[in-house]
Amino acid sequence: MSTGSTHHRFWIAALLLSVSSTLSAVEFLDYYPRCDYRVIDSVNVKRKMLMENAKLTEEQRNIAREKVLEAIRNMANERAAQGIILTASRIISPSQNANSRIGPDAFFYEMDAQLITLCDENEELDLVAAPVTASGGKAVSLGKIGLAFEIELTLPEKARFDYPDIDSAELISTTDIAGVHFGDTPKQVKAKLGQPSVELALSAKEGLLGFGRSLWLLFQDSRLVEIASQNRWLSTEFVNLLNFDQRFDEHPWTVEGQRLYDAPVEQLAAHLSIPFEQGQQRLQRSVGQAQLYLDVEYFLDHSGGDANGIVKSFSIQHASLESTLTSFTKTVTPDFFGLLYELVIRHEQGLPLTPEDIKTAPIGQYFTEPGKRHWIYPNHVIIEADTYAISHVRLLSSIYTSSQNHVGWRWGELKQGMALDNVRPLLPDNHFELFDEIEVNGAHYLQKLFFYEEKGDTLLSSSTIQLF
């Protein structure tokens, strides 16, 4: 496969004026050709964007991306290219740009591309996804999750981690809550609140968006039906992997002007005219077509009197919310764990391991930083990937709080719940053992096994495999 010719940089204005619109469009390729194609030219194109009211809007990014794509396609037509492979997409902030003349409010939307010739495909060659698609995301052969709660499996651009401010703090507003409305779709919610920390299909009917660890939005048939401050769906083990979102972790929620977490529960109940008895675990109030629930936590004061109660969490459930889940997304089969294991063994032999090698569709994804993807598979598996390759496989005790449809994970001859004394004989002699952890080093991986104590037994709970 040829690697290309001289790298050129062009300004967008000159590009748009240089090409006739009558030329036929050259196709952006989602996958590399399966042949020894030729690179005619490697190009870099960028478009300037100016912040509005100290923010860079989604509309500005979309317009800039379309202009850059148009310029690249025009260049491909000029050079009689037959296809375009987008190799990188980025947003450059003023602090990253060495050209001080552009001003402190200027960003650039930038893309790199290869202009190529096409050739006869060789079916014996692997189908490899291009680094970036024309939409700006990473091409993923899995497409979308085939559930009512659709999640696009693409890598968010850096700019999508710029979160809008949340002005609303009133929980029982009849118009909106934190800017979102019951009945909103996941797409509408993300347009208002920004990229969630996690998005997950709980079942064929229900989906969940989490913003940090303190705001959870439940959807049924892709419509918002519940807003809650405390997660009740996912395990603590999984939630601890998520980033915090300071907008909600420290948000000053109010109910009819009363700060939610500041007042004693007796005072809050009186303020809301809710009947209350000492020791009551939950307050409830009807709000239009919704129910507001306030969960109470008690603690003893130093005087030894009655326990004091404070609100620790809330949930608001719309009347259209159907009863709780009957089952979570179906667990993966044992064959899936066998596939992962075989892929890592192949990687150990020096062969690359890419996201496209995994043929099972994930049920969701979470985000920690630009440039990394974390795909979620039921009931235990997290696949972490950078731009081009898988970097970690995580086997959790469970992703869910419930053990419904639970099938323990397997890794070769290792099984979740296996006693430590039965694990040791299956490991290579060079393994390193700590108190509740074992490390196994391979030529291209490092595996950590984690254990817990139960009724005097030390049992295998989870594992992380780092690939390099």
# chains A, B, ... in the order shown; residues from 1 in each chain; ligands from 1
>>> residues_around(residues="stretch 243-246 of chain A", least_positions_apart="2", cutoff="7 Å", atoms="only C-alpha atoms", output="PDB file with C-alpha atoms, in the first residue's frame")
ATOM      1  CA  SER A 197     -20.748  10.609  30.632  1.00  0.00           C
ATOM      2  CA  PHE A 211     -24.218  13.018  33.379  1.00  0.00           C
ATOM      3  CA  GLY A 212     -21.360  12.496  35.805  1.00  0.00           C
ATOM      4  CA  ARG A 213     -22.519  10.388  38.736  1.00  0.00           C
ATOM      5  CA  LEU A 241     -15.268   4.308  36.130  1.00  0.00           C
ATOM      6  CA  PHE A 248     -24.716  18.387  38.641  1.00  0.00           C
ATOM      7  CA  ASP A 249     -22.479  17.042  41.398  1.00  0.00           C
ATOM      8  CA  GLU A 250     -22.568  20.506  42.953  1.00  0.00           C
ATOM      9  CA  THR A 368     -13.490   9.815  29.954  1.00  0.00           C
TER      10      THR A 368
END
>>> select_by_dssp(residues="stretch 158-374 of chain A", states="strand (DSSP E)", output="VMD selection string")
chain A and resid 198 to 201 206 to 211 215 to 220 223 to 228 254 to 255 258 to 259 282 to 287 290 to 299 308 to 318 364 to 366 373 to 374
>>> residues_around(residues="A:Thr464", least_positions_apart="6", cutoff="8 Å", atoms="only C-alpha atoms", output="list in words")
His392, Val393, Arg394, Leu395, Gln447, Lys448 and Leu449 of chain A
>>> closest_residue(among="A:Val180, A:Lys192, A:Leu321, A:Glu27", to="A:Phe219", atoms="only C-alpha atoms")
A:Leu321
